[in-house]
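Here is the structure we will look at.
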Amino acid sequence: MVLAARTEVPPHADARPRVCLVGGPDIDARIDLMRQLRSDFDVFALGTSDRLVAVFAEAGFSYHRYPMSRGVNPLRDVWAFARLVRLFRRERPTIVHTFDTKPGVWGRLAARIAGVPIVIGTLPGLGSLYSSSSSVAKVIRLVYEPLQGLASRHADLTVFQNAQDAADFVERGVVAPDRATVIAGSGVRTDVFTPAARDAAPESRSKLGLAPDALVVTMISRVTRTKGVLDFAAAATRIRATRPEIEFVLAGAADGESFDALTDRELDELDRSLRWIGFRDDVREILGFTDVFVFPSYYREGIPRVLMEAASMGLPLIAADAPGSTEVVEDGRNGFLVPPRDVEAITDAVLRLADDPELRSRLGEQSRALVMSRHDLGLIAEQTRARYRELLRAKRPHSVAA
């Protein structure tokens with residue numbers, strides 16, 4: 001596939017380059033990043049949800065919708081691709097920065113065809129495609145990887161959220177080493193997700209019928225197999241058999257479209273094993289009544305946002321020893337790393353923390369310190385801004401970039 005030649009940014013271009021962030025139905029998760037970037041760039045967004053029109057308008061940003069289905073739908077993908085090309089040609093961004101899987105592939109290719117000078121793609125993890133050994137995953141990888149490689153070859157930069165993902169894709173030949181970089185996650189508002197936000201815990205607990213003195217162990221995640229929710233539920237069943245005063249809460253919606261979706265029987269068992277409260281958008285409130293946060297995902301996360309938020313709230317963490325999670329959890333420093341799919345290890349780690357309040361407090365303090373030093377949104381925004389400036393300088397050989 002031959003795409004349009006790369007376009008240089010003319011020396012007389014506006015001092016505030018236009019930056020377009022492209023994603024799916026949750027591109028609004030980038031609004032805080034956009035606020036950080038708006039002092040240097042004219043930032044707007046493209047996403048796939050109509051509901052976000054009002055969300056972005058309230059935040060003071062321009063937003064345009066394009067159609068794209070999450071699953072495999074070639075006709076709809078062609079339509080989405082054509083719409084993206086038209087939007088880029090009309091809005092004339094200087095930089096297109098894509099996020100997520102399908103928007104990352106089609107968005108980068110469309111931007112290059114539309115003549116966008118600078119094209120960047122962030123891969124927020126390799127996902128269940130690379131953590132699952134199922135035949136379905138293997139077949140999808142045969143299609144996905146060449147497309148990802150094509151998009152990466154026609155992009156100026158591919159951003160990974162952890163070093164292992166970057167190394168894996170470089171080794172596979174999907175991304176050239178000189179066009180790969182690492183930015184440690186999407187960042188977290190450490191001024192919002194604070195230990196002080198846990199002061200409202202009694203009221204929040206009462207809403208769910210949790211005892212004021214119960215030790216609450218929480219997981220927040222999409223409900224799929226590779227997220228480790230069944231392992232979390234199995235550990236809850238084991239522990240509550242002898243320690244009923246320990247409460248287990250799972251927040252997140254079942255994802256029936258994923259190829260590693262749980263069966264109806266497994267979902268019923270999950271519901272019986274713990275307090276499954278479904279999808280919630282009040283993550284800070286849930287973390288506020290939490291004593292121990294568990295994230296046994298082996299999904300190949302980039303860096304799990306919720307793990308960073310839990311760390312920022314000063315919680316001790318238990319996570320699977322898997323790429324992404326190891327960027328936030330250091331074994332013995334701010335929590336415990338357990339082998340993926342090891343229910344016994346999760347059980348032992350929860351009980352150890354349940355029986356040692358001083359340990360919980362010490363690990364929680366270290367969680368807060370670690371996330372502030374590595375994953376604060378301001379740090380991530382500055383790294384992103386620096387990459388933009390580097391590429392602008394490269395495209396403007398005779399001028400000073402913004």
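The way I read the labels, and the way they are meant: chains A, B, ... in the order of the structure tokens, residue 1 as the first residue of every chain, and ligand 1 as the first ligand shown, with later ones counted on from there.
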
Contact table region 7-68 of chain A vs region 179-197 of chain A, cut-off 9 Å, shortest pair per residue, only C-alpha atoms, as a tab-separated table:
residue	atom	partner	partner_atom	distance
A:Ala29	CA	A:Ser186	CA	9.0
A:Arg30	CA	A:Ser186	CA	8.0
A:Asp32	CA	A:Arg189	CA	8.1
A:Leu33	CA	A:Ser186	CA	8.1

Would you mind exporting N, CA and C atoms of the selected residues as an mmCIF file, in the first residue's frame?
data_model
loop_
_atom_site.group_PDB
_atom_site.id
_atom_site.type_symbol
_atom_site.label_atom_id
_atom_site.label_comp_id
_atom_site.auth_asym_id
_atom_site.auth_seq_id
_atom_site.Cartn_x
_atom_site.Cartn_y
_atom_site.Cartn_z
ATOM 1 N N ALA A 29 -11.365 10.494 27.805
ATOM 2 C CA ALA A 29 -10.365 10.233 28.843
ATOM 3 C C ALA A 29 -9.104 11.056 28.615
ATOM 4 N N ARG A 30 -8.963 11.645 27.415
ATOM 5 C CA ARG A 30 -7.780 12.460 27.095
ATOM 6 C C ARG A 30 -8.009 13.946 27.336
ATOM 7 N N ASP A 32 -8.104 15.711 30.083
ATOM 8 C CA ASP A 32 -7.138 16.303 31.009
ATOM 9 C C ASP A 32 -5.795 16.531 30.328
ATOM 10 N N LEU A 33 -5.381 15.600 29.474
ATOM 11 C CA LEU A 33 -4.144 15.788 28.713
ATOM 12 C C LEU A 33 -4.282 16.986 27.776
#

DSSP-assigned strand (DSSP E) among region 97-301 of chain A, expressed as a PyMOL selection string:
chain A and resi 97-99+118-123+157-160+180-182+215-220+246-251+275-278+292-295

Just C-alpha atoms for this one: save the residues we selected as a compact mmCIF listing (two decimals), in the first residue's frame.
# COMPACT_ATOMS: atom_id res chain seq x y z
CA HIS A 97 -2.10 11.64 17.49
CA THR A 98 -4.14 8.42 17.59
CA PHE A 99 -5.00 6.15 20.52
CA ILE A 118 3.05 14.75 11.57
CA VAL A 119 1.38 11.44 12.46
CA ILE A 120 1.77 9.72 15.85
CA GLY A 121 0.13 6.61 17.28
CA THR A 122 -0.02 5.54 20.92
CA LEU A 123 -0.52 1.82 21.60
CA LEU A 157 6.37 7.96 15.78
CA THR A 158 4.76 5.05 17.64
CA VAL A 159 4.40 5.56 21.38
CA PHE A 160 4.32 2.61 23.77
CA ALA A 180 9.46 3.94 18.67
CA THR A 181 9.40 5.67 22.04
CA VAL A 182 8.01 5.06 25.52
CA LEU A 215 -11.82 -4.49 55.24
CA VAL A 216 -12.72 -3.84 51.60
CA VAL A 217 -10.75 -5.42 48.76
CA THR A 218 -11.60 -3.93 45.37
CA MET A 219 -11.02 -4.60 41.70
CA ILE A 220 -12.12 -2.22 38.92
CA ILE A 246 -13.48 -9.13 54.51
CA GLU A 247 -15.57 -7.70 51.68
CA PHE A 248 -14.75 -8.07 47.98
CA VAL A 249 -16.07 -5.53 45.47
CA LEU A 250 -15.84 -5.76 41.68
CA ALA A 251 -16.74 -2.72 39.57
CA ARG A 275 -20.26 -7.77 45.34
CA TRP A 276 -20.35 -7.09 41.63
CA ILE A 277 -21.65 -3.54 41.23
CA GLY A 278 -21.37 -3.30 37.42
CA VAL A 292 -6.62 -3.03 49.30
CA PHE A 293 -6.69 -2.76 45.51
CA VAL A 294 -6.26 -5.93 43.44
CA PHE A 295 -5.60 -6.04 39.70

From the options A:Met372, A:Leu210, A:Leu150, A:Ala176, which residue's atoms come nearest to Gly104 (chain A), counting only C-alpha atoms?
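The closest residue to Gly104 (chain A) is A:Leu150.
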
Report, in Å with one decimal, the straight-line distance from CA of Thr94 (chain A) to CA of Gly23 (chain A).
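Going from CA of Thr94 (chain A) over to CA of Gly23 (chain A), I get 17.1 Å.
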
What are the DSSP alpha helix (DSSP H) residues of region 228-311 of chain A, as an MDAnalysis selection string?
chainID A and resid 229:240 264:273 283:288 305:311

Suppose we keep C-alpha atoms; can you now write the selection as an mmCIF file, in the first residue's frame?
data_model
loop_
_atom_site.group_PDB
_atom_site.id
_atom_site.type_symbol
_atom_site.label_atom_id
_atom_site.label_comp_id
_atom_site.auth_asym_id
_atom_site.auth_seq_id
_atom_site.Cartn_x
_atom_site.Cartn_y
_atom_site.Cartn_z
ATOM 1 C CA VAL A 229 -11.741 -11.399 37.286
ATOM 2 C CA LEU A 230 -12.322 -15.142 37.763
ATOM 3 C CA ASP A 231 -9.086 -15.385 39.755
ATOM 4 C CA PHE A 232 -10.195 -12.449 41.911
ATOM 5 C CA ALA A 233 -13.567 -14.119 42.509
ATOM 6 C CA ALA A 234 -11.973 -17.461 43.365
ATOM 7 C CA ALA A 235 -9.699 -15.778 45.915
ATOM 8 C CA ALA A 236 -12.743 -14.018 47.394
ATOM 9 C CA THR A 237 -14.578 -17.331 47.778
ATOM 10 C CA ARG A 238 -11.602 -18.928 49.535
ATOM 11 C CA ILE A 239 -11.053 -16.043 51.925
ATOM 12 C CA ARG A 240 -14.680 -15.402 52.847
ATOM 13 C CA ASP A 264 -23.267 -16.879 31.281
ATOM 14 C CA ARG A 265 -22.461 -19.562 33.835
ATOM 15 C CA GLU A 266 -19.181 -17.868 34.746
ATOM 16 C CA LEU A 267 -20.920 -14.517 35.083
ATOM 17 C CA ASP A 268 -23.477 -16.047 37.444
ATOM 18 C CA GLU A 269 -20.689 -17.572 39.527
ATOM 19 C CA LEU A 270 -18.934 -14.230 39.625
ATOM 20 C CA ASP A 271 -22.073 -12.564 40.929
ATOM 21 C CA ARG A 272 -22.348 -15.152 43.711
ATOM 22 C CA SER A 273 -18.723 -14.869 44.790
ATOM 23 C CA VAL A 283 -13.854 5.542 40.334
ATOM 24 C CA ARG A 284 -12.512 7.949 42.942
ATOM 25 C CA GLU A 285 -15.462 7.258 45.247
ATOM 26 C CA ILE A 286 -15.000 3.493 44.912
ATOM 27 C CA LEU A 287 -11.287 3.765 45.644
ATOM 28 C CA GLY A 288 -12.218 5.992 48.562
ATOM 29 C CA ARG A 305 -5.024 3.785 34.443
ATOM 30 C CA VAL A 306 -6.991 2.457 37.401
ATOM 31 C CA LEU A 307 -3.840 1.006 38.950
ATOM 32 C CA MET A 308 -2.220 4.449 38.762
ATOM 33 C CA GLU A 309 -5.348 6.024 40.274
ATOM 34 C CA ALA A 310 -5.361 3.518 43.142
ATOM 35 C CA ALA A 311 -1.669 4.214 43.759
#

Using only C-alpha atoms, determine which residues lie at most 6 Å from region 61-70 of chain A, disregarding the query and same-chain residues fewer than 2 positions distant; provide the list as a PyMOL selection string.
chain A and resi 44-48+56-57+59+80
